[in-house]
Every structure is written in structure tokens, then in C-alpha cells.
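Shown next: input07.txt, given as compact mmCIF, N, CA and C atoms.
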```txt
# COMPACT_ATOMS: atom_id res chain seq x y z
N MET Y 21 10.33 5.45 -5.78
CA MET Y 21 8.94 5.85 -5.89
C MET Y 21 8.09 4.75 -5.27
N ASN Y 22 7.12 5.17 -4.50
CA ASN Y 22 6.26 4.23 -3.78
C ASN Y 22 4.80 4.44 -4.18
N HIS Y 23 4.06 3.37 -4.15
CA HIS Y 23 2.61 3.43 -4.29
C HIS Y 23 2.03 2.41 -3.32
N PHE Y 24 1.69 2.91 -2.13
CA PHE Y 24 1.18 2.03 -1.08
C PHE Y 24 -0.26 1.63 -1.37
N LYS Y 25 -0.69 0.59 -0.70
CA LYS Y 25 -2.04 0.04 -0.85
C LYS Y 25 -3.09 1.13 -0.65
N SER Y 26 -4.07 1.14 -1.53
CA SER Y 26 -5.16 2.12 -1.41
C SER Y 26 -6.02 1.83 -0.19
N GLN Y 27 -6.89 2.77 0.13
CA GLN Y 27 -7.80 2.57 1.25
C GLN Y 27 -9.04 1.80 0.83
N GLY Y 28 -9.17 1.52 -0.44
CA GLY Y 28 -10.31 0.76 -0.94
C GLY Y 28 -9.91 -0.65 -1.32
N TYR Y 29 -10.86 -1.41 -1.83
CA TYR Y 29 -10.62 -2.75 -2.35
C TYR Y 29 -10.11 -3.70 -1.27
N GLY Y 30 -10.87 -3.80 -0.21
CA GLY Y 30 -10.55 -4.67 0.91
C GLY Y 30 -11.11 -4.07 2.18
N THR Y 31 -10.97 -4.78 3.26
CA THR Y 31 -11.44 -4.24 4.53
C THR Y 31 -10.49 -3.14 4.99
N GLN Y 32 -11.01 -2.23 5.81
CA GLN Y 32 -10.16 -1.17 6.34
C GLN Y 32 -8.97 -1.77 7.09
N ALA Y 33 -9.22 -2.79 7.86
CA ALA Y 33 -8.15 -3.42 8.64
C ALA Y 33 -7.08 -4.02 7.73
N SER Y 34 -7.48 -4.71 6.67
CA SER Y 34 -6.49 -5.33 5.78
C SER Y 34 -5.72 -4.27 4.99
N CYS Y 35 -6.40 -3.22 4.56
CA CYS Y 35 -5.73 -2.13 3.83
C CYS Y 35 -4.73 -1.42 4.74
N ASN Y 36 -5.16 -1.13 5.97
CA ASN Y 36 -4.27 -0.47 6.93
C ASN Y 36 -3.05 -1.34 7.24
N ALA Y 37 -3.28 -2.63 7.42
CA ALA Y 37 -2.18 -3.55 7.73
C ALA Y 37 -1.18 -3.58 6.58
N ARG Y 38 -1.67 -3.56 5.36
CA ARG Y 38 -0.76 -3.59 4.19
C ARG Y 38 0.06 -2.31 4.12
N ARG Y 39 -0.60 -1.15 4.30
CA ARG Y 39 0.14 0.12 4.26
C ARG Y 39 1.15 0.21 5.40
N LYS Y 40 0.77 -0.30 6.56
CA LYS Y 40 1.69 -0.29 7.69
C LYS Y 40 2.92 -1.14 7.39
N ALA Y 41 2.71 -2.31 6.81
CA ALA Y 41 3.83 -3.18 6.45
C ALA Y 41 4.72 -2.50 5.41
N GLN Y 42 4.10 -1.84 4.44
CA GLN Y 42 4.87 -1.15 3.41
C GLN Y 42 5.68 0.01 4.02
N ALA Y 43 5.04 0.79 4.88
CA ALA Y 43 5.73 1.92 5.52
C ALA Y 43 6.87 1.43 6.40
N ASN Y 44 6.64 0.37 7.14
CA ASN Y 44 7.69 -0.17 8.00
C ASN Y 44 8.85 -0.74 7.18
N ARG Y 45 8.54 -1.32 6.03
CA ARG Y 45 9.61 -1.84 5.17
C ARG Y 45 10.47 -0.70 4.64
N VAL Y 46 9.86 0.38 4.20
CA VAL Y 46 10.62 1.53 3.73
C VAL Y 46 11.47 2.09 4.88
N ALA Y 47 10.90 2.17 6.06
CA ALA Y 47 11.65 2.66 7.23
C ALA Y 47 12.87 1.77 7.50
N ARG Y 48 12.71 0.46 7.35
CA ARG Y 48 13.85 -0.46 7.56
C ARG Y 48 14.92 -0.24 6.49
N ILE Y 49 14.50 -0.02 5.26
CA ILE Y 49 15.47 0.27 4.19
C ILE Y 49 16.24 1.54 4.50
N LEU Y 50 15.55 2.53 5.07
CA LEU Y 50 16.22 3.80 5.39
C LEU Y 50 17.31 3.63 6.44
N HIS Y 51 17.25 2.59 7.25
CA HIS Y 51 18.28 2.35 8.25
C HIS Y 51 19.64 2.05 7.63
N ARG Y 52 19.65 1.74 6.34
CA ARG Y 52 20.91 1.50 5.63
C ARG Y 52 21.66 2.82 5.37
N TYR Y 53 21.00 3.93 5.56
CA TYR Y 53 21.56 5.24 5.23
C TYR Y 53 21.75 6.07 6.48
N ASP Y 54 22.66 7.01 6.39
CA ASP Y 54 22.83 8.00 7.45
C ASP Y 54 22.03 9.23 7.02
N LEU Y 55 20.85 9.36 7.56
CA LEU Y 55 19.96 10.44 7.14
C LEU Y 55 20.43 11.81 7.61
N LYS Y 56 21.51 11.85 8.40
CA LYS Y 56 22.12 13.12 8.78
C LYS Y 56 23.09 13.61 7.70
N SER Y 57 23.56 12.69 6.84
CA SER Y 57 24.56 13.11 5.84
C SER Y 57 24.26 12.64 4.42
N ASP Y 58 23.56 11.53 4.23
CA ASP Y 58 23.26 11.02 2.89
C ASP Y 58 22.09 11.78 2.27
N LEU Y 59 22.14 11.92 0.95
CA LEU Y 59 21.03 12.54 0.22
C LEU Y 59 20.04 11.45 -0.16
N VAL Y 60 18.90 11.43 0.53
CA VAL Y 60 17.91 10.37 0.36
C VAL Y 60 16.54 10.99 0.13
N VAL Y 61 15.80 10.40 -0.81
CA VAL Y 61 14.44 10.84 -1.10
C VAL Y 61 13.52 9.63 -1.06
N VAL Y 62 12.40 9.78 -0.38
CA VAL Y 62 11.32 8.79 -0.41
C VAL Y 62 10.12 9.53 -0.96
N ALA Y 63 9.62 9.08 -2.11
CA ALA Y 63 8.54 9.79 -2.77
C ALA Y 63 7.42 8.83 -3.12
N GLY Y 64 6.22 9.38 -3.22
CA GLY Y 64 5.14 8.58 -3.74
C GLY Y 64 3.79 8.80 -3.11
N ASP Y 65 2.87 7.99 -3.59
CA ASP Y 65 1.50 7.96 -3.11
C ASP Y 65 1.45 6.94 -1.98
N LEU Y 66 1.44 7.45 -0.74
CA LEU Y 66 1.43 6.56 0.42
C LEU Y 66 0.00 6.24 0.85
N ASN Y 67 -0.97 6.87 0.20
CA ASN Y 67 -2.39 6.55 0.38
C ASN Y 67 -2.90 6.64 1.80
N ASP Y 68 -2.32 7.53 2.59
CA ASP Y 68 -2.83 7.76 3.94
C ASP Y 68 -2.37 9.12 4.43
N ARG Y 69 -3.07 9.62 5.42
CA ARG Y 69 -2.79 10.95 5.97
C ARG Y 69 -1.58 10.93 6.90
N PRO Y 70 -0.96 12.09 7.11
CA PRO Y 70 0.23 12.16 7.96
C PRO Y 70 0.01 11.66 9.39
N GLU Y 71 -1.17 11.83 9.90
CA GLU Y 71 -1.44 11.42 11.28
C GLU Y 71 -1.87 9.96 11.41
N SER Y 72 -1.90 9.24 10.32
CA SER Y 72 -2.40 7.87 10.34
C SER Y 72 -1.45 6.92 11.05
N ALA Y 73 -2.01 5.94 11.71
CA ALA Y 73 -1.21 4.91 12.38
C ALA Y 73 -0.38 4.08 11.39
N PRO Y 74 -0.93 3.69 10.23
CA PRO Y 74 -0.12 2.89 9.31
C PRO Y 74 1.18 3.55 8.85
N LEU Y 75 1.21 4.87 8.75
CA LEU Y 75 2.41 5.56 8.27
C LEU Y 75 3.34 6.00 9.38
N ALA Y 76 2.92 5.84 10.62
CA ALA Y 76 3.69 6.40 11.75
C ALA Y 76 5.14 5.92 11.77
N GLY Y 77 5.38 4.66 11.53
CA GLY Y 77 6.74 4.14 11.58
C GLY Y 77 7.67 4.79 10.57
N LEU Y 78 7.12 5.20 9.44
CA LEU Y 78 7.91 5.87 8.41
C LEU Y 78 8.01 7.36 8.67
N LEU Y 79 6.88 7.99 8.90
CA LEU Y 79 6.88 9.45 9.03
C LEU Y 79 7.57 9.96 10.29
N ARG Y 80 7.76 9.09 11.26
CA ARG Y 80 8.46 9.49 12.48
C ARG Y 80 9.95 9.11 12.45
N THR Y 81 10.43 8.71 11.29
CA THR Y 81 11.85 8.37 11.15
C THR Y 81 12.68 9.62 11.41
N THR Y 82 13.65 9.49 12.30
CA THR Y 82 14.52 10.61 12.64
C THR Y 82 15.29 11.08 11.41
N ASN Y 83 15.34 12.40 11.23
CA ASN Y 83 16.06 13.05 10.13
C ASN Y 83 15.45 12.79 8.76
N LEU Y 84 14.17 12.44 8.72
CA LEU Y 84 13.41 12.33 7.48
C LEU Y 84 12.33 13.39 7.53
N VAL Y 85 12.28 14.28 6.55
CA VAL Y 85 11.45 15.47 6.60
C VAL Y 85 10.45 15.47 5.45
N ASP Y 86 9.20 15.75 5.76
CA ASP Y 86 8.14 15.94 4.76
C ASP Y 86 8.29 17.37 4.23
N VAL Y 87 8.61 17.51 2.95
CA VAL Y 87 8.86 18.85 2.41
C VAL Y 87 7.63 19.74 2.51
N LEU Y 88 6.43 19.16 2.40
CA LEU Y 88 5.22 19.99 2.49
C LEU Y 88 5.02 20.51 3.91
N ALA Y 89 5.31 19.69 4.90
CA ALA Y 89 5.20 20.15 6.29
C ALA Y 89 6.21 21.26 6.56
N ARG Y 90 7.38 21.16 5.94
CA ARG Y 90 8.39 22.20 6.11
C ARG Y 90 7.96 23.49 5.40
N GLN Y 91 7.37 23.36 4.23
CA GLN Y 91 7.00 24.54 3.44
C GLN Y 91 5.75 25.24 3.96
N PHE Y 92 4.76 24.45 4.39
CA PHE Y 92 3.46 25.01 4.75
C PHE Y 92 3.13 24.72 6.21
N ALA Y 93 3.06 25.75 7.02
CA ALA Y 93 2.70 25.58 8.43
C ALA Y 93 1.26 25.11 8.56
N ASP Y 94 0.41 25.56 7.68
CA ASP Y 94 -1.01 25.23 7.72
C ASP Y 94 -1.28 23.90 6.99
N PRO Y 95 -1.71 22.86 7.70
CA PRO Y 95 -1.96 21.57 7.05
C PRO Y 95 -2.98 21.65 5.91
N ARG Y 96 -3.87 22.64 5.93
CA ARG Y 96 -4.86 22.77 4.86
C ARG Y 96 -4.22 23.08 3.51
N GLU Y 97 -2.97 23.54 3.53
CA GLU Y 97 -2.28 23.86 2.28
C GLU Y 97 -1.53 22.66 1.71
N ARG Y 98 -1.49 21.56 2.44
CA ARG Y 98 -0.68 20.41 2.04
C ARG Y 98 -1.45 19.34 1.27
N TRP Y 99 -2.74 19.54 1.03
CA TRP Y 99 -3.51 18.45 0.44
C TRP Y 99 -3.05 18.14 -0.98
N THR Y 100 -3.06 16.85 -1.30
CA THR Y 100 -2.61 16.37 -2.61
C THR Y 100 -3.66 15.54 -3.33
N HIS Y 101 -4.77 15.29 -2.69
CA HIS Y 101 -5.83 14.46 -3.29
C HIS Y 101 -7.12 15.26 -3.34
N ARG Y 102 -7.96 14.92 -4.28
CA ARG Y 102 -9.23 15.66 -4.47
C ARG Y 102 -10.06 15.73 -3.19
N ASP Y 103 -9.90 14.76 -2.29
CA ASP Y 103 -10.69 14.77 -1.05
C ASP Y 103 -10.09 15.72 0.00
N LYS Y 104 -9.07 16.49 -0.40
CA LYS Y 104 -8.41 17.51 0.43
C LYS Y 104 -7.56 16.91 1.54
N SER Y 105 -7.01 15.74 1.30
CA SER Y 105 -6.09 15.16 2.28
C SER Y 105 -4.71 15.00 1.64
N GLN Y 106 -3.70 15.02 2.47
CA GLN Y 106 -2.36 14.75 1.98
C GLN Y 106 -2.14 13.25 2.04
N ILE Y 107 -2.00 12.64 0.87
CA ILE Y 107 -1.69 11.22 0.81
C ILE Y 107 -0.46 10.96 -0.07
N ASP Y 108 0.08 12.03 -0.66
CA ASP Y 108 1.27 11.95 -1.50
C ASP Y 108 2.39 12.72 -0.81
N TYR Y 109 3.61 12.19 -0.91
CA TYR Y 109 4.70 12.71 -0.10
C TYR Y 109 5.99 12.81 -0.88
N LEU Y 110 6.81 13.75 -0.44
CA LEU Y 110 8.20 13.85 -0.83
C LEU Y 110 8.95 14.01 0.50
N LEU Y 111 9.52 12.90 0.95
CA LEU Y 111 10.23 12.86 2.22
C LEU Y 111 11.72 12.87 1.91
N VAL Y 112 12.47 13.73 2.60
CA VAL Y 112 13.89 13.87 2.30
C VAL Y 112 14.72 13.81 3.57
N SER Y 113 15.97 13.38 3.40
CA SER Y 113 16.91 13.34 4.52
C SER Y 113 17.27 14.76 4.95
N LYS Y 114 17.84 14.87 6.14
CA LYS Y 114 18.16 16.17 6.72
C LYS Y 114 18.99 17.07 5.81
N PRO Y 115 20.07 16.57 5.17
CA PRO Y 115 20.83 17.49 4.32
C PRO Y 115 20.02 18.05 3.15
N LEU Y 116 19.13 17.25 2.60
CA LEU Y 116 18.28 17.77 1.54
C LEU Y 116 17.26 18.76 2.11
N ALA Y 117 16.70 18.44 3.26
CA ALA Y 117 15.76 19.37 3.88
C ALA Y 117 16.44 20.71 4.15
N ASP Y 118 17.68 20.66 4.60
CA ASP Y 118 18.42 21.89 4.87
C ASP Y 118 18.73 22.65 3.59
N ALA Y 119 18.83 21.94 2.46
CA ALA Y 119 19.13 22.56 1.17
C ALA Y 119 17.88 22.96 0.40
N MET Y 120 16.70 22.67 0.95
CA MET Y 120 15.46 22.99 0.25
C MET Y 120 15.26 24.50 0.17
N THR Y 121 14.94 24.98 -1.03
CA THR Y 121 14.66 26.40 -1.20
C THR Y 121 13.16 26.67 -1.27
N THR Y 122 12.41 25.73 -1.80
CA THR Y 122 10.96 25.88 -1.87
C THR Y 122 10.34 24.51 -2.19
N ALA Y 123 9.06 24.41 -1.94
CA ALA Y 123 8.31 23.19 -2.26
C ALA Y 123 6.86 23.59 -2.51
N GLY Y 124 6.11 22.70 -3.11
CA GLY Y 124 4.72 23.01 -3.37
C GLY Y 124 3.93 21.82 -3.86
N VAL Y 125 2.69 22.11 -4.20
CA VAL Y 125 1.78 21.11 -4.72
C VAL Y 125 1.23 21.65 -6.03
N GLU Y 126 1.42 20.91 -7.11
CA GLU Y 126 0.95 21.32 -8.44
C GLU Y 126 -0.46 20.78 -8.64
N ARG Y 127 -1.43 21.69 -8.54
CA ARG Y 127 -2.85 21.28 -8.63
C ARG Y 127 -3.51 21.66 -9.94
N ARG Y 128 -2.78 22.28 -10.85
CA ARG Y 128 -3.40 22.73 -12.11
C ARG Y 128 -3.80 21.57 -13.01
N GLY Y 129 -3.35 20.36 -12.72
CA GLY Y 129 -3.75 19.19 -13.50
C GLY Y 129 -5.04 18.55 -13.03
N LEU Y 130 -5.61 19.10 -11.96
CA LEU Y 130 -6.87 18.56 -11.42
C LEU Y 130 -8.07 19.21 -12.11
N PHE Y 131 -9.06 18.40 -12.45
CA PHE Y 131 -10.31 18.95 -12.98
C PHE Y 131 -10.98 19.78 -11.88
N GLU Y 132 -11.50 20.91 -12.26
CA GLU Y 132 -12.17 21.86 -11.36
C GLU Y 132 -11.21 22.35 -10.26
N ALA Y 133 -9.97 22.58 -10.64
CA ALA Y 133 -8.97 23.06 -9.69
C ALA Y 133 -9.43 24.34 -9.00
N ASP Y 134 -10.12 25.21 -9.71
CA ASP Y 134 -10.57 26.46 -9.10
C ASP Y 134 -11.54 26.21 -7.95
N LYS Y 135 -12.43 25.24 -8.09
CA LYS Y 135 -13.36 24.91 -7.00
C LYS Y 135 -12.63 24.23 -5.84
N LEU Y 136 -11.72 23.34 -6.18
CA LEU Y 136 -10.98 22.61 -5.15
C LEU Y 136 -10.06 23.51 -4.33
N THR Y 137 -9.55 24.57 -4.94
CA THR Y 137 -8.56 25.42 -4.29
C THR Y 137 -9.14 26.74 -3.78
N ARG Y 138 -10.42 26.94 -3.88
CA ARG Y 138 -10.99 28.25 -3.52
C ARG Y 138 -10.79 28.62 -2.06
N ASN Y 139 -10.60 27.64 -1.17
CA ASN Y 139 -10.41 27.95 0.25
C ASN Y 139 -8.95 28.01 0.67
N LEU Y 140 -8.04 27.88 -0.26
CA LEU Y 140 -6.62 27.99 0.09
C LEU Y 140 -6.31 29.44 0.47
N PRO Y 141 -5.41 29.65 1.42
CA PRO Y 141 -5.02 31.02 1.78
C PRO Y 141 -4.51 31.83 0.59
N THR Y 142 -3.90 31.13 -0.38
CA THR Y 142 -3.39 31.83 -1.56
C THR Y 142 -4.47 32.09 -2.60
N GLY Y 143 -5.65 31.56 -2.38
CA GLY Y 143 -6.76 31.76 -3.31
C GLY Y 143 -6.83 30.65 -4.35
N PRO Y 144 -7.90 30.68 -5.15
CA PRO Y 144 -8.11 29.62 -6.14
C PRO Y 144 -7.09 29.69 -7.27
N ILE Y 145 -6.82 28.54 -7.85
CA ILE Y 145 -5.97 28.47 -9.04
C ILE Y 145 -6.79 27.87 -10.18
N ARG Y 146 -6.38 28.15 -11.39
CA ARG Y 146 -7.08 27.63 -12.56
C ARG Y 146 -6.36 26.40 -13.07
N ALA Y 147 -7.14 25.44 -13.53
CA ALA Y 147 -6.58 24.24 -14.14
C ALA Y 147 -5.90 24.61 -15.45
N PHE Y 148 -5.00 23.75 -15.91
CA PHE Y 148 -4.42 23.93 -17.23
C PHE Y 148 -5.56 23.97 -18.25
N PRO Y 149 -5.44 24.77 -19.32
CA PRO Y 149 -6.53 24.87 -20.31
C PRO Y 149 -6.96 23.53 -20.90
N SER Y 150 -6.06 22.58 -20.97
CA SER Y 150 -6.39 21.27 -21.56
C SER Y 150 -7.19 20.39 -20.61
N VAL Y 151 -7.29 20.77 -19.35
CA VAL Y 151 -8.04 19.97 -18.37
C VAL Y 151 -9.48 20.45 -18.36
N THR Y 152 -10.34 19.70 -19.02
CA THR Y 152 -11.73 20.12 -19.17
C THR Y 152 -12.73 19.13 -18.56
N SER Y 153 -12.23 17.99 -18.06
CA SER Y 153 -13.13 16.99 -17.47
C SER Y 153 -12.31 16.03 -16.61
N ASP Y 154 -13.04 15.17 -15.90
CA ASP Y 154 -12.37 14.12 -15.12
C ASP Y 154 -11.66 13.11 -16.01
N THR Y 155 -12.06 13.03 -17.27
CA THR Y 155 -11.45 12.04 -18.16
C THR Y 155 -10.13 12.52 -18.76
N ASN Y 156 -9.86 13.82 -18.72
CA ASN Y 156 -8.59 14.28 -19.27
C ASN Y 156 -7.75 15.07 -18.25
N ASP Y 157 -8.11 14.95 -16.98
CA ASP Y 157 -7.24 15.58 -15.99
C ASP Y 157 -5.99 14.73 -15.80
N ALA Y 158 -4.97 15.30 -15.20
CA ALA Y 158 -3.71 14.59 -15.04
C ALA Y 158 -3.88 13.40 -14.10
N SER Y 159 -4.64 13.59 -13.04
CA SER Y 159 -4.83 12.57 -12.02
C SER Y 159 -5.83 13.10 -11.00
N ASP Y 160 -6.25 12.24 -10.08
CA ASP Y 160 -7.01 12.72 -8.94
C ASP Y 160 -6.07 13.12 -7.81
N HIS Y 161 -4.76 13.02 -8.08
CA HIS Y 161 -3.71 13.43 -7.15
C HIS Y 161 -2.97 14.63 -7.74
N ALA Y 162 -2.55 15.52 -6.88
CA ALA Y 162 -1.69 16.63 -7.29
C ALA Y 162 -0.23 16.23 -7.05
N ALA Y 163 0.65 16.77 -7.85
CA ALA Y 163 2.07 16.44 -7.74
C ALA Y 163 2.74 17.26 -6.64
N VAL Y 164 3.59 16.61 -5.86
CA VAL Y 164 4.40 17.28 -4.85
C VAL Y 164 5.77 17.54 -5.48
N TRP Y 165 6.28 18.76 -5.29
CA TRP Y 165 7.59 19.10 -5.86
C TRP Y 165 8.41 19.90 -4.85
N ALA Y 166 9.69 19.90 -5.06
CA ALA Y 166 10.58 20.71 -4.22
C ALA Y 166 11.83 21.05 -5.02
N GLU Y 167 12.44 22.16 -4.63
CA GLU Y 167 13.72 22.58 -5.22
C GLU Y 167 14.76 22.61 -4.11
N PHE Y 168 15.98 22.21 -4.47
CA PHE Y 168 17.08 22.15 -3.51
C PHE Y 168 18.31 22.83 -4.09
N ARG Y 169 19.07 23.43 -3.24
CA ARG Y 169 20.37 24.00 -3.64
C ARG Y 169 21.44 23.08 -3.07
N VAL Y 170 21.98 22.21 -3.94
CA VAL Y 170 23.01 21.27 -3.48
C VAL Y 170 24.30 21.47 -4.24
```

Can the structure from this file be put into C-alpha cells for me?
Amino acid sequence: MNHFKSQGYGTQASCNARRKAQANRVARILHRYDLKSDLVVVAGDLNDRPESAPLAGLLRTTNLVDVLARQFADPRERWTHRDKSQIDYLLVSKPLADAMTTAGVERRGLFEADKLTRNLPTGPIRAFPSVTSDTNDASDHAAVWAEFRV
């Protein structure tokens, strides 16, 4: 599980440099594995968008697949943060990607989920009944999940 440097609490340049170093370190760790045959998962809050330069070294790793990109052709369906950007990931090696049956984003823990999801192609979703404010929502991030047949 990863939690990369946020985009706040420092200069943009220093935050980007930290996330880039973190992404590159994870990419180097992945070189220990054969992503064509080993079952590998990289998960977490990477705190940046898929097209960002800081994450490029990790997200362009051969045979490492973003389950949300595989599940949803439309990038607008992949958002995991209240600001409607994907900053949370479940990246899997090729054999797991091939074994994936479905994936998604659990947004019912977000306060005002119905407002946040009203423009999704699938339509708005309702928050869990216990989520009544920003103080008791699960997080400002939605959970990424996937199912695999292995």
C-alpha cells in the first residue's frame, strides 16, 4: 500500500519531485518481479493524475495495468477524489489483469455522493445512510476495488 506525497504542504516543484521519486522507487522495486507471470499488486493513494509527469515512470511500467483504465474506457468514470480526478490506484501485473472479472470505484462513502456522481454515465449514486456530513464520511477519496478469478 502506498501513500505518495500530497500536492499541498510545500511548493508544487518539491511535491512533484517527491512523488516522482516515490513512483520511480516503486517502479525499481517492480523490476524484481516478472510482471508477465508473477501476481503483483501496487495499490494506494498516489496523489496525482494518470497523465502526470511524476507518475509516468511507474504508470508506464510494462505489464503493469491500471484496473480502472481497463474497466472504464471513459476517464470521467475513473475519478477517486472529490475533485473528480483519479489519484488512487490499483495497479496489477499482467496475469492479474488477465484474470480480472470486474473493477470499480466505491463512492457511497463520500458525503454528497449523489451530487458528485450526477454526471456519471451510470447516473447518480446515494451515499451510505450513515454518511450525513463531511465529518462522518469515509474519506475524501473513494475506494478502488477489483475482482479476479485466479

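If you look at CA of Asp118 (chain Y) and CA of Glu97 (chain Y), they are 21.0 Å away from each other.
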
Worksheet item: Leaving out Pro144 (chain Y) and any residue of its chain fewer than 3 positions from it, which residues lie within 6.5 Å of it when counting only N, CA and C atoms, given as a list in words?
Response: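 So the residues in contact are Ala133, Asp134, Lys135, Thr137, Arg138, Asn139 and Leu140 of chain Y.
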
Exercise: Val87 (chain Y) partners within 8 Å, all atoms listed in the file, chain neighbours under 3 positions left out, as an mmCIF file with N, CA and C atoms, keeping the file's coordinate frame:
```
data_model
loop_
_atom_site.group_PDB
_atom_site.id
_atom_site.type_symbol
_atom_site.label_atom_id
_atom_site.label_comp_id
_atom_site.auth_asym_id
_atom_site.auth_seq_id
_atom_site.Cartn_x
_atom_site.Cartn_y
_atom_site.Cartn_z
ATOM 1 N N LEU Y 84 14.170 12.440 8.720
ATOM 2 C CA LEU Y 84 13.410 12.330 7.480
ATOM 3 C C LEU Y 84 12.330 13.390 7.530
ATOM 4 N N ARG Y 90 7.380 21.160 5.940
ATOM 5 C CA ARG Y 90 8.390 22.200 6.110
ATOM 6 C C ARG Y 90 7.960 23.490 5.400
ATOM 7 N N GLN Y 91 7.370 23.360 4.230
ATOM 8 C CA GLN Y 91 7.000 24.540 3.440
ATOM 9 C C GLN Y 91 5.750 25.240 3.960
ATOM 10 N N PHE Y 92 4.760 24.450 4.390
ATOM 11 C CA PHE Y 92 3.460 25.010 4.750
ATOM 12 C C PHE Y 92 3.130 24.720 6.210
ATOM 13 N N TYR Y 109 3.610 12.190 -0.910
ATOM 14 C CA TYR Y 109 4.700 12.710 -0.100
ATOM 15 C C TYR Y 109 5.990 12.810 -0.880
ATOM 16 N N LEU Y 110 6.810 13.750 -0.440
ATOM 17 C CA LEU Y 110 8.200 13.850 -0.830
ATOM 18 C C LEU Y 110 8.950 14.010 0.500
ATOM 19 N N LEU Y 111 9.520 12.900 0.950
ATOM 20 C CA LEU Y 111 10.230 12.860 2.220
ATOM 21 C C LEU Y 111 11.720 12.870 1.910
ATOM 22 N N VAL Y 112 12.470 13.730 2.600
ATOM 23 C CA VAL Y 112 13.890 13.870 2.300
ATOM 24 C C VAL Y 112 14.720 13.810 3.570
ATOM 25 N N ALA Y 117 16.700 18.440 3.260
ATOM 26 C CA ALA Y 117 15.760 19.370 3.880
ATOM 27 C C ALA Y 117 16.440 20.710 4.150
ATOM 28 N N THR Y 122 12.410 25.730 -1.800
ATOM 29 C CA THR Y 122 10.960 25.880 -1.870
ATOM 30 C C THR Y 122 10.340 24.510 -2.190
ATOM 31 N N ALA Y 123 9.060 24.410 -1.940
ATOM 32 C CA ALA Y 123 8.310 23.190 -2.260
ATOM 33 C C ALA Y 123 6.860 23.590 -2.510
ATOM 34 N N GLY Y 124 6.110 22.700 -3.110
ATOM 35 C CA GLY Y 124 4.720 23.010 -3.370
ATOM 36 C C GLY Y 124 3.930 21.820 -3.860
ATOM 37 N N TRP Y 165 6.280 18.760 -5.290
ATOM 38 C CA TRP Y 165 7.590 19.100 -5.860
ATOM 39 C C TRP Y 165 8.410 19.900 -4.850
ATOM 40 N N ALA Y 166 9.690 19.900 -5.060
ATOM 41 C CA ALA Y 166 10.580 20.710 -4.220
ATOM 42 C C ALA Y 166 11.830 21.050 -5.020
#
```

Worksheet entry | Given only C-alpha atoms as the counted atoms, nearest of Y:Gly64, Y:Pro95, Y:Pro74, Y:Pro115 to Arg38 (chain Y) | Y:Pro74

Practice prompt. Just the helix (DSSP H, G or I) stuff from chain Y, please, per backbone DSSP, written as a PyMOL selection string.
Written response: chain Y and resi 32-50+76-79+87-91+95-97+114-119+133-136

Could you write region 94-116 of chain Y of the block just shown to a file containing C-alpha atoms, as an mmCIF file, in the first residue's frame?
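Once written, result39.cif looks like this:
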```
data_model
loop_
_atom_site.group_PDB
_atom_site.id
_atom_site.type_symbol
_atom_site.label_atom_id
_atom_site.label_comp_id
_atom_site.auth_asym_id
_atom_site.auth_seq_id
_atom_site.Cartn_x
_atom_site.Cartn_y
_atom_site.Cartn_z
ATOM 1 C CA ASP Y 94 -14.195 6.865 -20.277
ATOM 2 C CA PRO Y 95 -11.695 8.620 -17.949
ATOM 3 C CA ARG Y 96 -14.591 10.556 -16.370
ATOM 4 C CA GLU Y 97 -15.699 7.293 -14.736
ATOM 5 C CA ARG Y 98 -12.330 6.695 -13.060
ATOM 6 C CA TRP Y 99 -12.287 9.551 -10.559
ATOM 7 C CA THR Y 100 -11.472 8.642 -6.970
ATOM 8 C CA HIS Y 101 -11.226 12.041 -5.285
ATOM 9 C CA ARG Y 102 -13.873 14.660 -4.568
ATOM 10 C CA ASP Y 103 -12.214 16.984 -7.105
ATOM 11 C CA LYS Y 104 -13.156 14.409 -9.808
ATOM 12 C CA SER Y 105 -9.618 13.259 -10.528
ATOM 13 C CA GLN Y 106 -8.128 9.804 -10.320
ATOM 14 C CA ILE Y 107 -5.392 9.899 -7.714
ATOM 15 C CA ASP Y 108 -5.966 6.444 -6.189
ATOM 16 C CA TYR Y 109 -4.873 3.304 -7.994
ATOM 17 C CA LEU Y 110 -4.949 -0.448 -8.094
ATOM 18 C CA LEU Y 111 -2.174 -1.444 -10.479
ATOM 19 C CA VAL Y 112 -1.758 -5.139 -11.239
ATOM 20 C CA SER Y 113 0.625 -7.365 -13.166
ATOM 21 C CA LYS Y 114 -0.440 -8.859 -16.489
ATOM 22 C CA PRO Y 115 -1.644 -12.229 -15.136
ATOM 23 C CA LEU Y 116 -3.886 -10.488 -12.624
#
```
